[in-house]
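Colleague: Here you go, this is model.cif (mmCIF, C-alpha atoms and all ligand atoms).
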```cif
data_entry
loop_
_atom_site.label_atom_id
_atom_site.label_comp_id
_atom_site.auth_asym_id
_atom_site.auth_seq_id
_atom_site.Cartn_x
_atom_site.Cartn_y
_atom_site.Cartn_z
CA MET A 1444 0.00 0.00 0.00
CA ASP A 1445 1.35 3.37 -1.06
CA HIS A 1446 0.43 5.72 1.78
CA THR A 1447 0.97 8.83 -0.33
CA THR A 1448 -2.08 7.95 -2.43
CA LEU A 1449 -4.11 6.00 0.13
CA ASP A 1450 -7.64 7.33 0.63
CA ARG A 1451 -10.15 6.96 3.40
CA GLY A 1452 -11.83 3.60 2.95
CA PHE A 1453 -12.09 -0.05 3.82
CA TYR A 1454 -9.40 -2.33 2.42
CA LEU A 1455 -8.52 -5.99 2.53
CA ARG A 1456 -4.94 -5.84 3.75
CA SER A 1457 -3.97 -9.48 3.83
CA VAL A 1458 -5.27 -13.03 3.84
CA TYR A 1459 -3.26 -15.54 5.80
CA THR A 1460 -3.58 -18.71 7.80
CA ALA A 1461 -2.99 -19.03 11.51
CA LEU A 1462 -1.67 -22.29 12.94
CA GLY A 1463 -1.27 -23.53 9.38
CA PHE A 1464 -4.96 -24.00 8.64
CA TYR A 1465 -7.09 -21.22 10.13
CA PRO A 1466 -7.92 -18.64 7.44
CA LEU A 1467 -7.84 -15.03 8.62
CA ARG A 1468 -8.46 -11.75 6.85
CA SER A 1469 -6.94 -8.50 7.96
CA TYR A 1470 -8.76 -5.31 7.00
CA ASP A 1471 -7.57 -1.73 6.98
CA MET A 1472 -10.30 0.62 8.22
CA ARG A 1473 -8.87 3.95 7.14
CA PHE A 1474 -10.77 6.82 8.71
CA ARG A 1475 -8.32 9.47 7.55
CA ALA A 1476 -6.18 9.69 4.44
CA PRO A 1477 -2.57 9.89 5.67
CA ARG A 1478 -1.72 12.92 3.55
CA GLU A 1479 -4.62 14.96 4.94
CA LYS A 1480 -2.86 15.18 8.30
CA GLU A 1481 -6.21 15.37 10.09
CA TYR A 1482 -5.54 12.64 12.58
CA LEU A 1483 -8.04 11.14 14.96
CA SER A 1484 -7.53 12.30 18.53
CA PRO A 1485 -6.40 9.71 21.10
CA GLU A 1486 -9.73 10.25 22.88
CA ALA A 1487 -11.75 9.56 19.71
CA ILE A 1488 -9.61 6.52 18.84
CA HIS A 1489 -10.06 5.03 22.30
CA THR A 1490 -13.82 5.59 22.25
CA ILE A 1491 -14.18 4.03 18.78
CA GLU A 1492 -11.95 1.13 19.84
CA HIS A 1493 -14.31 0.28 22.71
CA LEU A 1494 -17.47 0.69 20.60
CA MET A 1495 -16.30 -1.30 17.58
CA ALA A 1496 -14.65 -4.08 19.58
CA HIS A 1497 -17.90 -4.60 21.47
CA TYR A 1498 -20.56 -4.05 18.82
CA LEU A 1499 -18.79 -5.76 15.90
CA ARG A 1500 -18.81 -8.90 18.06
CA GLU A 1501 -22.55 -8.49 18.50
CA LYS A 1502 -22.91 -8.38 14.71
CA LEU A 1503 -20.30 -10.93 13.63
CA GLY A 1504 -19.85 -13.03 16.77
CA SER A 1505 -16.65 -14.96 17.31
CA ARG A 1506 -15.60 -14.30 13.71
CA VAL A 1507 -14.02 -11.10 15.03
CA VAL A 1508 -10.48 -11.96 16.12
CA SER A 1509 -9.30 -8.46 16.94
CA PHE A 1510 -9.95 -4.78 16.45
CA ALA A 1511 -7.10 -2.42 17.17
CA PRO A 1512 -6.10 1.18 16.50
CA MET A 1513 -3.27 2.14 14.18
CA GLY A 1514 -0.48 3.92 15.99
CA CYS A 1515 -0.46 6.59 13.27
CA LYS A 1516 -4.00 7.63 14.31
CA THR A 1517 -5.51 7.36 10.83
CA GLY A 1518 -7.57 4.22 11.36
CA PHE A 1519 -7.92 0.70 12.72
CA TYR A 1520 -7.04 -2.90 11.95
CA LEU A 1521 -9.82 -5.46 11.95
CA ILE A 1522 -8.99 -9.17 11.81
CA VAL A 1523 -11.83 -11.56 10.99
CA LYS A 1524 -11.59 -15.33 10.80
CA GLY A 1525 -13.05 -17.74 8.29
CA PHE A 1526 -14.55 -16.96 4.97
CA THR A 1527 -16.90 -14.17 6.00
CA PRO A 1528 -17.54 -12.15 2.81
CA MET A 1529 -15.97 -8.69 2.81
CA LYS A 1530 -19.38 -7.18 2.02
CA ARG A 1531 -20.87 -8.72 5.17
CA VAL A 1532 -18.04 -7.26 7.26
CA MET A 1533 -18.53 -3.83 5.70
CA GLU A 1534 -22.27 -3.98 6.37
CA ALA A 1535 -21.59 -4.79 10.02
CA VAL A 1536 -19.15 -1.86 10.28
CA ALA A 1537 -21.69 0.48 8.69
CA GLU A 1538 -24.38 -0.71 11.11
CA VAL A 1539 -22.16 -0.08 14.14
CA CYS A 1540 -21.26 3.37 12.79
CA ARG A 1541 -24.92 4.22 12.30
CA GLU A 1542 -26.08 2.86 15.67
CA GLN A 1543 -23.22 4.28 17.75
CA SER A 1544 -22.82 7.77 16.30
CA SER A 1545 -25.29 9.51 18.57
CA LEU A 1546 -23.94 8.73 22.03
CA ARG A 1547 -24.53 11.29 24.75
CA VAL A 1548 -22.67 10.13 27.83
CA MET A 1549 -19.60 8.11 28.76
CA GLY A 1550 -21.78 5.44 30.39
CA GLU A 1551 -22.89 4.33 26.92
CA ILE A 1552 -19.34 3.25 25.99
CA PRO A 1553 -18.92 -0.47 26.77
CA GLY A 1554 -15.98 -1.55 28.90
CA LEU A 1555 -14.93 1.94 29.92
CA THR A 1556 -14.41 1.11 33.57
CA VAL A 1557 -11.38 0.88 35.83
CA GLU A 1558 -11.89 -2.88 35.95
CA GLN A 1559 -11.92 -3.33 32.16
CA CYS A 1560 -9.76 -0.56 30.72
CA GLY A 1561 -6.28 0.88 31.23
CA ASN A 1562 -7.37 4.50 30.86
CA PRO A 1563 -11.14 4.99 31.23
CA GLU A 1564 -10.76 8.78 31.44
CA LEU A 1565 -9.57 8.87 27.82
CA TYR A 1566 -12.72 9.30 25.74
CA ASP A 1567 -14.54 11.86 23.61
CA VAL A 1568 -18.17 11.19 22.81
CA GLU A 1569 -18.59 14.09 20.37
CA ALA A 1570 -15.44 13.37 18.36
CA SER A 1571 -16.33 9.67 18.23
CA ASN A 1572 -19.88 10.47 17.05
CA ALA A 1573 -18.55 12.70 14.28
CA ALA A 1574 -15.89 10.23 13.11
CA LEU A 1575 -18.30 7.27 13.13
CA LYS A 1576 -20.98 9.21 11.27
CA GLU A 1577 -18.53 10.26 8.59
CA TYR A 1578 -16.96 6.81 8.26
CA GLY A 1579 -20.34 5.04 8.22
CA GLU A 1580 -21.50 7.26 5.37
CA LEU A 1581 -18.34 6.45 3.45
CA ILE A 1582 -18.84 2.69 3.92
CA GLU A 1583 -22.46 2.93 2.82
CA LYS A 1584 -21.34 4.83 -0.28
CA LEU A 1585 -18.72 2.15 -1.04
CA LEU A 1586 -21.32 -0.60 -0.61
CA LYS A 1587 -23.66 1.12 -3.07
CA GLU A 1588 -20.89 1.50 -5.64
CA GLU A 1589 -20.28 -2.25 -5.75
ZN ZN A 1601 -9.82 1.15 26.98
#
```
Show me the file's structure as C-alpha cells.
Modeller:
Amino acid sequence: MDHTTLDRGFYLRSVYTALGFYPLRSYDMRFRAPREKEYLSPEAIHTIEHLMAHYLREKLGSRVVSFAPMGCKTGFYLIVKGFTPMKRVMEAVAEVCREQSSLRVMGEIPGLTVEQCGNPELYDVEASNAALKEYGELIEKLLKEE
C-alpha cells in the first residue's frame, strides 16, 4: 500500500492462515487519508476502539479476532476469521457506525471502567460520534458503488 495515495476507505490488507490452517483476513479501516494530516484524537480513537470491539462482536460473533487502533492515528485494523464475505463485514461496520454515532454520555461506551480498561478517562463522545458518522456514510457509499 502506497500511503501517499491512500484514501479513506475499507481495504482488505492481507489473507493468511494461523496455525497452518485457520484462514484469517486483515482489514484496513482507514478513517483518515494519511496525507490529509487530520488525525483522529487519542480520545476519539479510544472511544471508537471500545465501541467497535464490542458491537462488531454483537454483529459478527466470534468471527471477530481483533480490532485495534493504528499507531499513526488514521484508522484501525480489523482481523476476521473464516470466509466471511468482505461485504458482510462492511455492512456490520456500517451498522455499528450508524447505531453508535449519537452517544450522549460516557456510560454508553462499553468496557470503559477501571476494571476493564487501562485509561477509562480517555474518551470523547462528540469526536467519536462525528468520526463514526462520517466513516459510516463512506462505507455505505462504497457498498452502493459495488
Ligand atoms: Zn480502553
Colleague: If the limit is 8 Å from any atom of ligand ZN 1601 (chain A), counting all atoms listed in the file, which residues qualify? Return them as a list in words.
Modeller: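 Sorted by chain and then by number, the residues are His1489, Thr1490, Glu1492, His1493, Gly1554, Leu1555, Gln1559, Cys1560, Gly1561, Asn1562, Pro1563 and Leu1565 of chain A.
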Colleague: Keeping only C-alpha atoms, write those residues as a PDB file, in the coordinates of the input.
Modeller:
```
ATOM      1  CA  HIS A1489     -10.060   5.030  22.300  1.00  0.00           C
ATOM      2  CA  THR A1490     -13.820   5.590  22.250  1.00  0.00           C
ATOM      3  CA  GLU A1492     -11.950   1.130  19.840  1.00  0.00           C
ATOM      4  CA  HIS A1493     -14.310   0.280  22.710  1.00  0.00           C
ATOM      5  CA  GLY A1554     -15.980  -1.550  28.900  1.00  0.00           C
ATOM      6  CA  LEU A1555     -14.930   1.940  29.920  1.00  0.00           C
ATOM      7  CA  GLN A1559     -11.920  -3.330  32.160  1.00  0.00           C
ATOM      8  CA  CYS A1560      -9.760  -0.560  30.720  1.00  0.00           C
ATOM      9  CA  GLY A1561      -6.280   0.880  31.230  1.00  0.00           C
ATOM     10  CA  ASN A1562      -7.370   4.500  30.860  1.00  0.00           C
ATOM     11  CA  PRO A1563     -11.140   4.990  31.230  1.00  0.00           C
ATOM     12  CA  LEU A1565      -9.570   8.870  27.820  1.00  0.00           C
TER      13      LEU A1565
END
```
Colleague: Set the distance at 12 Å and use all atoms listed in the file: which residues neighbour Lys1587 in chain A once local chain neighbours fewer than 2 positions away are removed? I'd like the list as a PDB file with C-alpha atoms, in the coordinates of the input.
Modeller:
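Written out: out.pdb:
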```pdb
ATOM      1  CA  LYS A1530     -19.380  -7.180   2.020  1.00  0.00           C
ATOM      2  CA  MET A1533     -18.530  -3.830   5.700  1.00  0.00           C
ATOM      3  CA  GLU A1534     -22.270  -3.980   6.370  1.00  0.00           C
ATOM      4  CA  ALA A1537     -21.690   0.480   8.690  1.00  0.00           C
ATOM      5  CA  GLU A1580     -21.500   7.260   5.370  1.00  0.00           C
ATOM      6  CA  LEU A1581     -18.340   6.450   3.450  1.00  0.00           C
ATOM      7  CA  ILE A1582     -18.840   2.690   3.920  1.00  0.00           C
ATOM      8  CA  GLU A1583     -22.460   2.930   2.820  1.00  0.00           C
ATOM      9  CA  LYS A1584     -21.340   4.830  -0.280  1.00  0.00           C
ATOM     10  CA  LEU A1585     -18.720   2.150  -1.040  1.00  0.00           C
ATOM     11  CA  GLU A1589     -20.280  -2.250  -5.750  1.00  0.00           C
TER      12      GLU A1589
END
```
Colleague: Calculated over all atoms listed in the file, which of the candidates A:Cys1540, A:Leu1483, A:Val1568, A:Val1548 has the smallest distance to Gly1514 in chain A?
Modeller: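 Of all the options, A:Leu1483 lies closest to Gly1514 in chain A.
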Colleague: Measuring atom to atom with only C-alpha atoms, identify which of A:Glu1588, A:Glu1551, A:Glu1538, A:Asp1471 is nearest to Tyr1520 in chain A.
Modeller: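 For Tyr1520 in chain A, the nearest of the given residues is A:Asp1471.
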Colleague: How far is it from CA of Arg1541 in chain A to CA of Arg1478 in chain A, in Å with one decimal?
Modeller: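 Interatomic distance, CA of Arg1541 in chain A to CA of Arg1478 in chain A: 26.3 Å.
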Colleague: In Å to one decimal, how far is CA of Asp1567 in chain A from CA of Ser1469 in chain A?
Modeller: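 Distance reported for this atom pair: 26.8 Å.
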Colleague: Residues at most 9 Å from Val1523 in chain A, counting only C-alpha atoms, excluding those fewer than 4 positions away in the same chain, as a compact mmCIF listing (two decimals) with C-alpha atoms, in the coordinates of the input?
Modeller:
```txt
# COMPACT_ATOMS: atom_id res chain seq x y z
CA PRO A 1466 -7.92 -18.64 7.44
CA LEU A 1467 -7.84 -15.03 8.62
CA ARG A 1468 -8.46 -11.75 6.85
CA SER A 1469 -6.94 -8.50 7.96
CA TYR A 1470 -8.76 -5.31 7.00
CA LEU A 1503 -20.30 -10.93 13.63
CA SER A 1505 -16.65 -14.96 17.31
CA ARG A 1506 -15.60 -14.30 13.71
CA VAL A 1507 -14.02 -11.10 15.03
CA VAL A 1508 -10.48 -11.96 16.12
CA SER A 1509 -9.30 -8.46 16.94
CA PHE A 1510 -9.95 -4.78 16.45
CA THR A 1527 -16.90 -14.17 6.00
CA VAL A 1532 -18.04 -7.26 7.26
```
Colleague: Just give me the gap between CA of His1497 in chain A and CA of Phe1464 in chain A in Å, one decimal is fine.
Modeller: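 Taking CA of His1497 in chain A as the start and CA of Phe1464 in chain A as the end point, the length is 26.6 Å.
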Colleague: Can I get C-alpha atoms for range 1497-1535 of chain A, as a compact mmCIF listing (two decimals), in the first residue's frame?
Modeller:
```
# COMPACT_ATOMS: atom_id res chain seq x y z
CA HIS A 1497 -17.90 -4.60 21.47
CA TYR A 1498 -20.56 -4.05 18.82
CA LEU A 1499 -18.79 -5.76 15.90
CA ARG A 1500 -18.81 -8.90 18.06
CA GLU A 1501 -22.55 -8.49 18.50
CA LYS A 1502 -22.91 -8.38 14.71
CA LEU A 1503 -20.30 -10.93 13.63
CA GLY A 1504 -19.85 -13.03 16.77
CA SER A 1505 -16.65 -14.96 17.31
CA ARG A 1506 -15.60 -14.30 13.71
CA VAL A 1507 -14.02 -11.10 15.03
CA VAL A 1508 -10.48 -11.96 16.12
CA SER A 1509 -9.30 -8.46 16.94
CA PHE A 1510 -9.95 -4.78 16.45
CA ALA A 1511 -7.10 -2.42 17.17
CA PRO A 1512 -6.10 1.18 16.50
CA MET A 1513 -3.27 2.14 14.18
CA GLY A 1514 -0.48 3.92 15.99
CA CYS A 1515 -0.46 6.59 13.27
CA LYS A 1516 -4.00 7.63 14.31
CA THR A 1517 -5.51 7.36 10.83
CA GLY A 1518 -7.57 4.22 11.36
CA PHE A 1519 -7.92 0.70 12.72
CA TYR A 1520 -7.04 -2.90 11.95
CA LEU A 1521 -9.82 -5.46 11.95
CA ILE A 1522 -8.99 -9.17 11.81
CA VAL A 1523 -11.83 -11.56 10.99
CA LYS A 1524 -11.59 -15.33 10.80
CA GLY A 1525 -13.05 -17.74 8.29
CA PHE A 1526 -14.55 -16.96 4.97
CA THR A 1527 -16.90 -14.17 6.00
CA PRO A 1528 -17.54 -12.15 2.81
CA MET A 1529 -15.97 -8.69 2.81
CA LYS A 1530 -19.38 -7.18 2.02
CA ARG A 1531 -20.87 -8.72 5.17
CA VAL A 1532 -18.04 -7.26 7.26
CA MET A 1533 -18.53 -3.83 5.70
CA GLU A 1534 -22.27 -3.98 6.37
CA ALA A 1535 -21.59 -4.79 10.02
```
